[in-house]
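Notes follow once the structure below has been shown.
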Amino acid sequence: MIEISIQKKLKSASGEMLLNINTAIKKGSLVTLYGKSGAGKTTILRILAGLLNPDHGKIDVNGATWLNTSEGINLKPQKRKIGFVFQDYALFPNMTVIENLKFALNKGEDDNIINHLIDIIELGELQNRKPDTLSGGQKQRVALARALVQKPSILMLDEPLSALDSEIRFKLQQYILKVHKEYNLTTLLISHDISEIIRMSDKVLEIDQGKIIKQGKPNEVFNYKELNAKFQFTGTIIEIEKQDFLYILTIRIGKDLVKVVADESEGQQLVIGDNILVSAKAFNPVIHKIG
Amino acid sequence: MNILKGKIEKLTVSGSLTLIGIEVNNIGMSAIVIDTSEAAPYLKLGNTITVVFKETEVIIGKGNTDNISLRNKFKGIIDILECKELLSKLTINTSVGKISSIITTNAVNQLNLKVGSEVTAMIKTNEIMLSE
């Protein structure tokens with residue numbers, strides 16, 4: 001269990017903002033911080049990592065106190081057992097993949113973990129290459145592996161996938177979920193992509209103006225009914241046509257446009273730009289092989 | 001969407017498919033899903049469950065429907081009938097509550113459906129979605 005209670009005055013573009021976060025995160029869960037830019041999401045991760053000090057606060061991680069401002073406890077970042085992955089990969093350009101991983105290991109530590117990580121994140125063929133010969137998705141896999149070398153108590157992912165295209169993104173999500181389970185990590189993710197959040201998170205904290213304004217399972221926060229349907233996508237409505245008692249919705253899902261017929265009771269509540277979850281039974285779609 | 005509340009009364013698993021018997025107000029329904037109790041904890045005998053199906057998947061029959069393969073049948077009376085050029089929307093009062101159906105206006109005319117007609121609303125097993 002991670003118990004967080006932190007307050008910090010921040011200067012934002014729109015003036016002063018009080019960051020005030022009180023929450024508990026279950027060990028082994030994957031929790032997403034969701035909210036507008038400037039809401040304070042990255043600041044929360046930086047405070048947890050010890051890269052930034054709050055004005056007041058307390059952070060307890062699995063029984064150990066990392067921070068307690070009233071008792072003057074403040075562990076240094078390197079003592080906090082945190083793995084961090086950012087949008088830019090921050091790999092050492094002069095080192096190969098395996099050297100980047102080994103560099104993250106403390107002297108004298110068992111390097112079995114590196115072989116294991118290379119194995120499960122499938123870096124075997126890349127291990128002797130330098131970062132500038134790798135694609136964005138490959139670099140991010142290396143960054144993920146490197147963040148795990150120290151067996152962190154918390155894995156923090158600050159929009160790690162937002163620079164990647166949707167196919168690579170999906171693969172990276174699978175790798176993250178795999179290591180999250182394999183190492184029983186507690187993972188904090190910052191993401192704006194609702195389908196990514198639904199696919200990955202156990203819990204969502206919606207942050208606005210430095211405060212948690214909503215929290216719960218993805219379906220509670222995004223307020224949709226969780227159906228057992230296996231054919232599910234999130235999309236954005238780009239056109240609404242009303243015909244008799246039906247609404248014909250044009251929805252952008254990834255790169256594709258689809259049309260869906262909705263009943264009056266559903267259609268009336270929708271406006272262009274709404275994000276929606278589209279569900280159908282796995283039995284309905286017809287498939288054709290292409291290419 | 002049509003939404004009904006029911007209780008799981010039978011689970012038959014085969015491979016990765018589960019056939020679910022659901023009781024909705026003393027009427028038996030069936031649904032089939034690609035899930036098993038292990039992966040989906042809501043699949044448990046006695047659990048209350050929400051049954052969801054789309055208006056456009058509701059078939060309307062008149063008279064005897066015993067020899068039709070559909071497993072989900074609700075007898076009722078047409079309460080509201082709204083006919084447009086191609087499609088018509090029916091609201092049927094059944095023993096499980098109101099069920100909406102969208103069928104072609106041609107079908108409404110051919111079956112001579114009117115407000116007050118006795119009909120059976122039917123849904124295929126594989127069109128039923130479930131929610132906790």
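FYI, nothing fancy with the structure tokens labels: chains A, B, ... in order, residues from 1 per chain, ligands from 1 as they appear.
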Each chain A residue no farther than 9 Å from chain B, nearest pair in Å, only C-alpha atoms, as a Markdown table:
```
| residue | atom | partner | partner_atom | distance |
| --- | --- | --- | --- | --- |
| A:Lys225 | CA | B:Ser131 | CA | 7.2 |
| A:Glu226 | CA | B:Ser131 | CA | 5.9 |
| A:Leu227 | CA | B:Ser131 | CA | 4.6 |
| A:Asn228 | CA | B:Leu130 | CA | 5.5 |
| A:Ala229 | CA | B:Met129 | CA | 6.3 |
| A:Lys230 | CA | B:Ile34 | CA | 7.6 |
| A:Asp244 | CA | B:Lys84 | CA | 6.7 |
| A:Phe245 | CA | B:Lys89 | CA | 7.6 |
| A:Ala262 | CA | B:Met1 | CA | 8.4 |
| A:Asp263 | CA | B:Met1 | CA | 7.0 |
| A:Ser265 | CA | B:Met1 | CA | 8.0 |
| A:Glu266 | CA | B:Met1 | CA | 7.8 |
| A:Ala280 | CA | B:Met129 | CA | 8.1 |
| A:Lys281 | CA | B:Glu127 | CA | 6.6 |
| A:Ala282 | CA | B:Ile34 | CA | 7.8 |
| A:Phe283 | CA | B:Asn126 | CA | 6.5 |
| A:Asn284 | CA | B:Glu127 | CA | 8.0 |
```
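Straight-line separation from atom CA of Lys5 of chain B to atom CA of Gly216 of chain A: 23.8 Å.
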Can you tell me, as a list in words, what residues are no more than 10 Å from Leu257 of chain A when counting only C-alpha atoms, ignoring any on the same chain fewer than 4 positions away?
Gly235, Thr236, Ile237, Ile238, Thr250, Ile251, Arg252 and Ile253 of chain A
Atom CA of Lys98 of chain B to atom CA of Gln269 of chain A measures 20.8 Å
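Shell of Ile123 of chain B at 8 Å, with only C-alpha atoms counted and residues fewer than 4 places along the chain excluded, is Glu57, Val58, Ile59, Leu70, Arg71, Asn72, Lys73, Glu127 and Ile128 of chain B.
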Those residues you just picked out, can you put them in a file as an mmCIF file, in the first residue's frame with C-alpha atoms?
```
data_model
loop_
_atom_site.group_PDB
_atom_site.id
_atom_site.type_symbol
_atom_site.label_atom_id
_atom_site.label_comp_id
_atom_site.auth_asym_id
_atom_site.auth_seq_id
_atom_site.Cartn_x
_atom_site.Cartn_y
_atom_site.Cartn_z
ATOM 1 C CA GLU B 57 -32.067 -7.084 -32.766
ATOM 2 C CA VAL B 58 -35.596 -7.689 -31.481
ATOM 3 C CA ILE B 59 -37.687 -9.867 -33.792
ATOM 4 C CA LEU B 70 -34.922 -18.238 -30.765
ATOM 5 C CA ARG B 71 -34.383 -18.889 -27.059
ATOM 6 C CA ASN B 72 -35.506 -15.520 -25.753
ATOM 7 C CA LYS B 73 -39.222 -14.892 -26.173
ATOM 8 C CA GLU B 127 -27.234 -10.943 -29.418
ATOM 9 C CA ILE B 128 -27.578 -10.647 -25.656
#
```
